[in-house]
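Okay, so here's the structure we're looking at.
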Amino acid sequence: MPITPPPLDDRRFTQLVDSTLARARVHTPEWTNFNQSDPGVTLVQLFSFLTENLLYRANLVPLRNRAKFLQMLRVPLAPASAASGLVAIANERGEDRVQSLTADLEVRAGAVPFRTQLGLDVLPLEARVFFKRKLSARAQSNELLDYYRLLYASYQVPFPDDVQLYETVALDPQVVDSVDLNADTVDASLWIALLARRGDAPAAGDDPWKQLRGKIGGRTLTLGLVPALDAESAELSPAGRAQPRRLLRFELPEVNADRRVARDASDRPQPRYRQLEPRTDVDLLTVPGVVQLALPAAEQLRLWGDVDPLEGGVGDMPPTLDDPTLGTRIVTWLRVRADGAAQARIRWAGINATPVKQTQRIVAEPLADGEGTPDQTRRLSRAPVLPGSVAVTTRVADEAPLSWSAIDDLAAAAPEVPVGNPRSTARELQAPDDGPTEVFELDAEAGELRFGDGLRGRRLPLGARVYASYEFSQGAAGNVAEGEIDSAPQLPSGFSVFNPVQTWGGADAEGVASGEKQVRRFLQHRDRLVSVDDFEAIALRAPGVQIGRIEILPAFHPDLVPNEPGAAPGVVTVMGIPKFDPAQPDAPRADRLFLNALCRHLDPRRLVTTELVVRGAIYKGLWISVGIEAAAGFAIAEVVEAVKARLRALLAPVGPNGDQPRDTPLFTPRSVDPQRGWPLRTPVANRVLLAEVARVAGVTSVANVLLAEGQRAEVDVVEMTGIELPRVLGISVVAGEPLPLDALRGGTPAATGTAIRLLPVPVVPETC
């Protein structure tokens with residue numbers, strides 16, 4: 001049974017008054033008037049009120065003792081985490097020159113400040129991103145090919161036989177959500193047109209942008225890339241996170257002095273490209289980030305000058321543009337080419353980009369002077385603070401400043417003066433350089449610093465002036481939507497800033513009530529991933545994400561389905577489902593940012609021999625048609641809605657207990673909890689649905705339940721394997737016989753053809 005601390009005294013005001021007046025009749029028989037207007041009764045009520053307040057404070061002693069005991073266990077609360085993001089800075093109307101910006105520039109989303117993490121050269125250019133989207137076999141008809149044969153014949157040029165027609169498409173959210181460089185394009189490439197600004201005037205002559213190329217030549221182009229953020233898999237190998245090889249290549253046109261295009265043996269254009277050396281610290285195919293590209297000299301940024309109109313955009317030539325005004329502003333092209341093995345799905349690309357972090361910095365905040373006593377503590381004015389950002393400096397009279405750094409445990413600190421070794425007969429001295437001495441422990445959630453006692457870490461000197469510099473964040477408030485970062489007070493006039501993707505990873509500090517619940521689990525697993533319960537409890541505390549459900553599958557790899565858990569020793573699969581998904585609220589999908597946050601949290605806590613696979617759920621779409629008979633006295637419409645709500649709640653992938661760790665005793669098998677959502681590896685059977693419908697109030701009988709997966713035929717059971725969960729695509733509930741599934745589903749979409757990659761030739765836009 002749980003041990004509940006008893007109150008010291010549970011009497012209340014009324015009880016105190018009644019008890020005192022009852023005793024008054026015995027001890028003072030001459031007092032006979034006990035009405036409310038009597039002065040004696042008023043005094044009794046006054047002292048009872050004061051006594052009740054004193055008892056309330058006394059009853060807090062057990063709670064304060066409990067909180068103190070928890071504090072002595074040194075189980076920390078999870079600190080706040082700062083949101084990260086990506087911004088692009090544009091020189092739209094500023095001075096026509098390269099503006100170098102240092103890191104730590106403040107940009108803002110309303111009242112939420114962010115700071116840039118990388119300096120950059122803001123080039124006076126615009127960028128438009130295009131790709132060559134292949135036409136399907138149906139669109140590339142014989143009539144269209146005959147039209148192009150006649151067009152080429154009019155120029156007395158033979159039309160190639162191996163042709164793949166394409167259209168030039170802008171990578172714009174209003175046009176396409178994302179592009180798969182290997183599946184959606186004819187050349188596995190993104191083409192970034194580096195353009196002169198709209199207000200800049202070209203120079204006279206055959207090289208109108210020579211002066212602009214002279215300004216950007218030899219400078220650094222900072223390119224930002226945002227991969228598609230839909231559901232993906234993340235794996236952590238036993239030895240740690242694998243370093244991805246370079247799967248993207250960045251190229252500029254390599255033009256000879258005569259500006260002529262090289263040709264192949266068939267007299268077709270065969271342009272050459274100069275590969276740039278990328279510098280980046282992130283895997284651009286999994287997380288938003290930037291790559292720094294050093295541009296060559298100005299004379300190597302030219303374009304070809306003898307391109308025939310029928311050869312523009314053919315083969316590896318840059319794509320043709322429908323807008324002729326854009327073509328007159330092109331300075332050069334940047335080609336981003338994907339390796340054939342890459343899963344390169346790009347959502348956004350842009351220049352002059354830099355990563356940002358939602359932090360605010362406090363520099364040299366004065367704290368209370370040192371007292372020379374052991375175990376001194378100091379509290380910072382802004383909390384919670386970011387771990388690793390606190391630095392302390394002390395000054396004593398005319399002595400040189402002394403720097404202090406954070407340490408995990410003061411027990412690992414060295415004494416401030418040499419001491420004798422009590423285990424040695426020689427009494428050798430333990431030198432203070434055996435470990436750090438100017439250190440402190442940091443409670444990031446509370447913003448509290450604790451200094452040593454002299455034996456373990458140095459004490460703050462008597463009279464020392466203490467200054468602290470640190471960073472703090474606003475936690476979850478830093479997760480702002482796309483385009484919310486739109487101001488920067490320190491930017492020059494004519495510059496603008498925006499974020500092309502929502503920021504991610506911000507989380508508030510853990511509260512005391514939530515932290516107390518984790519004490520028992522923390523003492524069990526010591527923040528290490530060993531058992532299934534450890535994985536579940538630790539994964540649910542991942543900062544920066546709102547988790548709807550976590551499922552742990554030991555010795556299971558989802559790529560080996562239909563194998564059951566236990567068939568893949570050394571592998572642990574973590575299935576995570578976010579709590580909210582605005583695009584698909586009934587079946588939330590895990591995106592890249594969600595999976596990356598889980599990986600960052602779990603990676604340092606797992607055993608080195610554990611291969612960790614983090615994935616979102618795989619949903620199977622279900623169509624359900626139900627026929628019922630309603631009881632007399634019940635409205636049919638209300639019963640129908642109740643049946644639909646009952647079935648959706650039964651098959652929901654995220655239940656009310658999905659974000660809570662299981663509270664199971666040790667050495668007890670883990671039971672299936674339907675409140676967490678539809679159980680994994682549990683088939684959906686029409687008989688189970690029939691039994692659930694029969695439990696709804698107002699349903700007297702169930703005529704039938706029809707069940708089907710997607711566009712397939714009606715079945716009695718839909719199997720669920722691995723990390724598959726049901727998603728209700730549609731439910732029909734009617735009085736009488738159920739509606740046929742084909743009528744519920746509607747038409748079946750036609751299958752699309754597969755195009756063959758041949759010689760890319762652009763489609764000429766139709767004109768009036």
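Following the order of the structure tokens, first chain is A, next is B, and so on, with residues numbered from 1 inside each chain and ligands from 1 in the order they appear.
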Could you pull out all residues of region 336-479 of chain A with a DSSP call of helix (DSSP H, G or I) and give them as a list in words?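 DSSP on the backbone gives helix (DSSP H, G or I) at Leu410, Ala411, Ala412, Pro432, Asp433, Asp434, Gly475, Ala476, Ala477 and Gly478 of chain A.
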Please produce an output containing N, CA and C atoms for each residue in the selection, written as a compact mmCIF listing (two decimals), in the first residue's frame.
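Once everything was written out, this is part-v1.txt:
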```txt
# COMPACT_ATOMS: atom_id res chain seq x y z
N LEU A 410 30.73 17.59 -8.20
CA LEU A 410 31.84 18.17 -7.45
C LEU A 410 32.70 17.11 -6.79
N ALA A 411 32.19 15.88 -6.69
CA ALA A 411 33.02 14.82 -6.12
C ALA A 411 34.23 14.52 -6.98
N ALA A 412 34.19 14.89 -8.27
CA ALA A 412 35.32 14.67 -9.16
C ALA A 412 36.30 15.82 -9.15
N PRO A 432 46.79 19.72 -6.26
CA PRO A 432 45.51 20.21 -6.74
C PRO A 432 45.34 20.05 -8.24
N ASP A 433 46.43 19.76 -8.99
CA ASP A 433 46.28 19.61 -10.43
C ASP A 433 45.86 18.19 -10.81
N ASP A 434 45.46 17.36 -9.83
CA ASP A 434 44.93 16.05 -10.16
C ASP A 434 43.55 16.16 -10.79
N GLY A 475 11.97 28.30 -24.39
CA GLY A 475 11.43 26.95 -24.47
C GLY A 475 10.51 26.75 -25.65
N ALA A 476 9.32 26.22 -25.37
CA ALA A 476 8.38 25.88 -26.44
C ALA A 476 7.89 27.10 -27.20
N ALA A 477 8.00 28.29 -26.63
CA ALA A 477 7.59 29.50 -27.35
C ALA A 477 8.46 29.75 -28.57
N GLY A 478 9.64 29.13 -28.62
CA GLY A 478 10.51 29.30 -29.77
C GLY A 478 10.12 28.47 -30.98
```
Please list as a PyMOL selection string every residue within 10 Å of region 708-713 of chain A, counting only C-alpha atoms and excluding residues in the same chain fewer than 6 positions away. chain A and resi 620-625+686+719+726-729+741-742+745-749
I need the chosen residues saved as a PDB file, in the first residue's frame, with N, CA and C atoms.
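Final file, result.pdb:
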```pdb
ATOM      1  N   LYS A 620      -2.580   1.558 -42.294  1.00  0.00           N
ATOM      2  CA  LYS A 620      -3.378   0.842 -43.285  1.00  0.00           C
ATOM      3  C   LYS A 620      -4.769   1.463 -43.310  1.00  0.00           C
ATOM      4  N   GLY A 621      -5.157   1.968 -44.474  1.00  0.00           N
ATOM      5  CA  GLY A 621      -6.458   2.604 -44.585  1.00  0.00           C
ATOM      6  C   GLY A 621      -7.592   1.599 -44.621  1.00  0.00           C
ATOM      7  N   LEU A 622      -8.617   1.836 -43.822  1.00  0.00           N
ATOM      8  CA  LEU A 622      -9.758   0.927 -43.709  1.00  0.00           C
ATOM      9  C   LEU A 622     -11.045   1.655 -44.086  1.00  0.00           C
ATOM     10  N   TRP A 623     -11.930   0.913 -44.767  1.00  0.00           N
ATOM     11  CA  TRP A 623     -13.286   1.367 -45.054  1.00  0.00           C
ATOM     12  C   TRP A 623     -14.240   0.449 -44.299  1.00  0.00           C
ATOM     13  N   ILE A 624     -15.194   1.043 -43.594  1.00  0.00           N
ATOM     14  CA  ILE A 624     -16.103   0.278 -42.740  1.00  0.00           C
ATOM     15  C   ILE A 624     -17.528   0.706 -43.064  1.00  0.00           C
ATOM     16  N   SER A 625     -18.380  -0.259 -43.296  1.00  0.00           N
ATOM     17  CA  SER A 625     -19.800  -0.008 -43.532  1.00  0.00           C
ATOM     18  C   SER A 625     -20.610  -0.867 -42.573  1.00  0.00           C
ATOM     19  N   ASN A 686     -13.953  -7.949 -38.596  1.00  0.00           N
ATOM     20  CA  ASN A 686     -15.302  -7.387 -38.618  1.00  0.00           C
ATOM     21  C   ASN A 686     -16.140  -7.877 -37.446  1.00  0.00           C
ATOM     22  N   GLU A 719      -5.024  -7.948 -41.553  1.00  0.00           N
ATOM     23  CA  GLU A 719      -3.875  -8.249 -40.702  1.00  0.00           C
ATOM     24  C   GLU A 719      -3.045  -6.991 -40.455  1.00  0.00           C
ATOM     25  N   PRO A 726      -4.188   0.721 -37.847  1.00  0.00           N
ATOM     26  CA  PRO A 726      -5.309   1.062 -38.734  1.00  0.00           C
ATOM     27  C   PRO A 726      -5.566   2.566 -38.773  1.00  0.00           C
ATOM     28  N   ARG A 727      -6.026   3.020 -39.929  1.00  0.00           N
ATOM     29  CA  ARG A 727      -6.504   4.388 -40.086  1.00  0.00           C
ATOM     30  C   ARG A 727      -7.848   4.333 -40.795  1.00  0.00           C
ATOM     31  N   VAL A 728      -8.851   4.916 -40.201  1.00  0.00           N
ATOM     32  CA  VAL A 728     -10.199   4.870 -40.755  1.00  0.00           C
ATOM     33  C   VAL A 728     -10.294   5.902 -41.867  1.00  0.00           C
ATOM     34  N   LEU A 729     -10.463   5.440 -43.108  1.00  0.00           N
ATOM     35  CA  LEU A 729     -10.636   6.336 -44.248  1.00  0.00           C
ATOM     36  C   LEU A 729     -12.077   6.779 -44.398  1.00  0.00           C
ATOM     37  N   LEU A 741     -19.460  -1.301 -50.082  1.00  0.00           N
ATOM     38  CA  LEU A 741     -18.172  -0.627 -49.919  1.00  0.00           C
ATOM     39  C   LEU A 741     -17.790   0.182 -51.152  1.00  0.00           C
ATOM     40  N   ASP A 742     -18.127  -0.290 -52.350  1.00  0.00           N
ATOM     41  CA  ASP A 742     -17.796   0.457 -53.557  1.00  0.00           C
ATOM     42  C   ASP A 742     -18.512   1.796 -53.585  1.00  0.00           C
ATOM     43  N   ARG A 745     -16.551   4.014 -51.085  1.00  0.00           N
ATOM     44  CA  ARG A 745     -15.220   4.430 -51.523  1.00  0.00           C
ATOM     45  C   ARG A 745     -15.249   5.353 -52.724  1.00  0.00           C
ATOM     46  N   GLY A 746     -16.240   5.220 -53.608  1.00  0.00           N
ATOM     47  CA  GLY A 746     -16.252   6.010 -54.825  1.00  0.00           C
ATOM     48  C   GLY A 746     -15.355   5.389 -55.865  1.00  0.00           C
ATOM     49  N   GLY A 747     -14.887   6.205 -56.848  1.00  0.00           N
ATOM     50  CA  GLY A 747     -14.075   5.701 -57.960  1.00  0.00           C
ATOM     51  C   GLY A 747     -12.673   5.357 -57.539  1.00  0.00           C
ATOM     52  N   THR A 748     -12.020   4.513 -58.329  1.00  0.00           N
ATOM     53  CA  THR A 748     -10.638   4.116 -58.096  1.00  0.00           C
ATOM     54  C   THR A 748      -9.720   4.948 -58.964  1.00  0.00           C
ATOM     55  N   PRO A 749      -8.692   5.595 -58.411  1.00  0.00           N
ATOM     56  CA  PRO A 749      -7.805   6.398 -59.241  1.00  0.00           C
ATOM     57  C   PRO A 749      -7.047   5.547 -60.238  1.00  0.00           C
TER      58      PRO A 749
END
```
Any idea what's packed within 12 Å of Lys210 (chain A), counting only C-alpha atoms, ignoring anything in its chain fewer than 4 positions away? Could you give it as a VMD selection string? chain A and resid 196 201 to 206 214 to 217 297 to 303 329 to 332
Per residue of region 290-364 of chain A within 12 Å of region 491-513 of chain A, record the nearest atom pair and its distance in Å to one decimal, counting only C-alpha atoms, with rows in chain order and ascending residue number, as CSV.
```
residue,atom,partner,partner_atom,distance
A:Arg347,CA,A:Val501,CA,9.2
A:Trp348,CA,A:Pro500,CA,7.2
A:Ala349,CA,A:Pro500,CA,8.8
A:Gly350,CA,A:Pro500,CA,8.9
A:Ile351,CA,A:Pro500,CA,11.4
A:Asn352,CA,A:Val497,CA,9.7
A:Ala353,CA,A:Asn499,CA,9.1
A:Thr354,CA,A:Asn499,CA,9.8
A:Pro355,CA,A:Asn499,CA,9.7
A:Val356,CA,A:Thr503,CA,8.9
A:Lys357,CA,A:Thr503,CA,8.8
A:Gln358,CA,A:Gly506,CA,8.1
A:Thr359,CA,A:Gly506,CA,10.3
```
So how many Å separate CA of Ser19 (chain A) and CA of Asn35 (chain A), to one decimal? 15.3 Å
If you count only C-alpha atoms, which residues fall within 9 Å of Val699 (chain A), apart from same-chain ones fewer than 2 positions away, as a list in words?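 Non-adjacent residues within range: Ile628, Glu629, Ala630, Ala631, Phe634, Val639, Val643, Val693, Ala694, Arg695, Val696, Ala697, Ser701 and Val702 of chain A.
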From the DSSP assignment of the backbone, select every residue of region 549-654 of chain A that is strand (DSSP E or B), and format the answer as a count of residues only. 33
Give me the residues near Glu52 (chain A) as a PyMOL selection string, where near means some atom within 10 Å (using only C-alpha atoms) and where sequence neighbours in that chain fewer than 3 positions away do not count. chain A and resi 9-16+47-49+55-58
Written selection (N, CA and C atoms) as an mmCIF file, in the first residue's frame:
```
data_model
loop_
_atom_site.group_PDB
_atom_site.id
_atom_site.type_symbol
_atom_site.label_atom_id
_atom_site.label_comp_id
_atom_site.auth_asym_id
_atom_site.auth_seq_id
_atom_site.Cartn_x
_atom_site.Cartn_y
_atom_site.Cartn_z
ATOM 1 N N ASP A 9 -1.771 18.024 12.330
ATOM 2 C CA ASP A 9 -3.026 18.392 12.993
ATOM 3 C C ASP A 9 -4.012 18.783 11.907
ATOM 4 N N ASP A 10 -5.167 18.105 11.882
ATOM 5 C CA ASP A 10 -6.129 18.330 10.809
ATOM 6 C C ASP A 10 -7.346 19.121 11.260
ATOM 7 N N ARG A 11 -7.295 19.774 12.423
ATOM 8 C CA ARG A 11 -8.436 20.546 12.899
ATOM 9 C C ARG A 11 -8.604 21.827 12.085
ATOM 10 N N ARG A 12 -9.856 22.251 11.911
ATOM 11 C CA ARG A 12 -10.178 23.444 11.163
ATOM 12 C C ARG A 12 -10.794 24.500 12.083
ATOM 13 N N PHE A 13 -11.117 25.644 11.494
ATOM 14 C CA PHE A 13 -11.589 26.790 12.272
ATOM 15 C C PHE A 13 -12.841 26.450 13.076
ATOM 16 N N THR A 14 -13.832 25.830 12.459
ATOM 17 C CA THR A 14 -15.088 25.530 13.166
ATOM 18 C C THR A 14 -14.857 24.565 14.322
ATOM 19 N N GLN A 15 -13.994 23.561 14.073
ATOM 20 C CA GLN A 15 -13.709 22.609 15.145
ATOM 21 C C GLN A 15 -13.005 23.287 16.316
ATOM 22 N N LEU A 16 -12.087 24.187 16.038
ATOM 23 C CA LEU A 16 -11.370 24.890 17.113
ATOM 24 C C LEU A 16 -12.316 25.763 17.925
ATOM 25 N N PHE A 47 -8.571 33.862 17.874
ATOM 26 C CA PHE A 47 -7.463 32.956 18.149
ATOM 27 C C PHE A 47 -7.607 31.636 17.381
ATOM 28 N N SER A 48 -8.828 31.200 17.093
ATOM 29 C CA SER A 48 -9.013 29.994 16.262
ATOM 30 C C SER A 48 -8.539 30.238 14.840
ATOM 31 N N PHE A 49 -8.803 31.441 14.329
ATOM 32 C CA PHE A 49 -8.325 31.782 12.984
ATOM 33 C C PHE A 49 -6.789 31.753 12.925
ATOM 34 N N LEU A 55 -1.499 25.864 12.056
ATOM 35 C CA LEU A 55 -1.576 24.439 11.743
ATOM 36 C C LEU A 55 -1.340 24.180 10.266
ATOM 37 N N TYR A 56 -1.822 25.088 9.411
ATOM 38 C CA TYR A 56 -1.582 24.919 7.972
ATOM 39 C C TYR A 56 -0.082 24.951 7.671
ATOM 40 N N ARG A 57 0.645 25.876 8.282
ATOM 41 C CA ARG A 57 2.090 25.947 8.063
ATOM 42 C C ARG A 57 2.795 24.727 8.654
ATOM 43 N N ALA A 58 2.282 24.233 9.799
ATOM 44 C CA ALA A 58 2.912 23.051 10.399
ATOM 45 C C ALA A 58 2.706 21.817 9.525
#
```
As a check of understanding: the span from CA of Ala338 (chain A) to CA of Val291 (chain A) is 14.6 Å
Please measure the separation of CA of Leu285 (chain A) and CA of Pro227 (chain A), giving the value in Å to one decimal. 5.6 Å
Env of Pro113 (chain A): 12 Å cut, atoms = only C-alpha atoms, seq-sep filter 6 positions within chain, self excluded. Answer as a list in words. Ala82, Ala83, Ser84, Gly85, Asp104, Leu105, Glu106, Val107, Val356, Lys357, Gln358, Thr359, Gln360, Arg361, Phe472, Ser473, Gln474, Gly475, Ala477, Gly478, Asn479, Val480, Glu484, Ile485, Asp486, Ser487, Ala488 and Pro489 of chain A
Filtering to C-alpha atoms, could you give me those residues as a short mmCIF file (atom, residue, chain, number, x, y, z; two decimals), in the first residue's frame?
```cif
data_model
loop_
_atom_site.label_atom_id
_atom_site.label_comp_id
_atom_site.auth_asym_id
_atom_site.auth_seq_id
_atom_site.Cartn_x
_atom_site.Cartn_y
_atom_site.Cartn_z
CA ALA A 82 16.23 25.98 -27.26
CA ALA A 83 14.46 25.88 -30.60
CA SER A 84 16.54 25.72 -33.77
CA GLY A 85 15.73 26.88 -37.26
CA ASP A 104 25.30 36.00 -33.17
CA LEU A 105 23.08 38.41 -35.11
CA GLU A 106 19.66 38.84 -33.52
CA VAL A 107 16.54 38.12 -35.59
CA VAL A 356 19.50 30.20 -35.89
CA LYS A 357 18.86 29.27 -32.29
CA GLN A 358 16.32 30.73 -29.90
CA THR A 359 18.58 32.01 -27.13
CA GLN A 360 19.12 35.18 -25.14
CA ARG A 361 22.51 35.97 -23.66
CA PHE A 472 18.54 31.06 -21.61
CA SER A 473 15.62 30.41 -23.91
CA GLN A 474 11.86 30.69 -23.94
CA GLY A 475 11.43 26.95 -24.47
CA ALA A 477 7.59 29.50 -27.35
CA GLY A 478 10.51 29.30 -29.77
CA ASN A 479 8.67 26.80 -32.00
CA VAL A 480 7.30 29.34 -34.48
CA GLU A 484 7.21 34.12 -38.53
CA ILE A 485 10.83 35.32 -38.27
CA ASP A 486 10.60 38.58 -40.21
CA SER A 487 12.64 41.28 -38.46
CA ALA A 488 16.25 41.93 -37.51
CA PRO A 489 17.07 45.25 -35.80
#
```
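Each of A:Val363, A:Val169, A:Leu598, A:Val654 was checked against Asp184 (chain A) using only C-alpha atoms; the smallest atom-to-atom distance is that of A:Val169.
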Using only C-alpha atoms: which of A:Gly388, A:Arg378, A:Arg662, A:Thr573 has the shortest distance to Leu460 (chain A):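 Among the listed residues, the smallest separation from Leu460 (chain A) belongs to A:Arg378.
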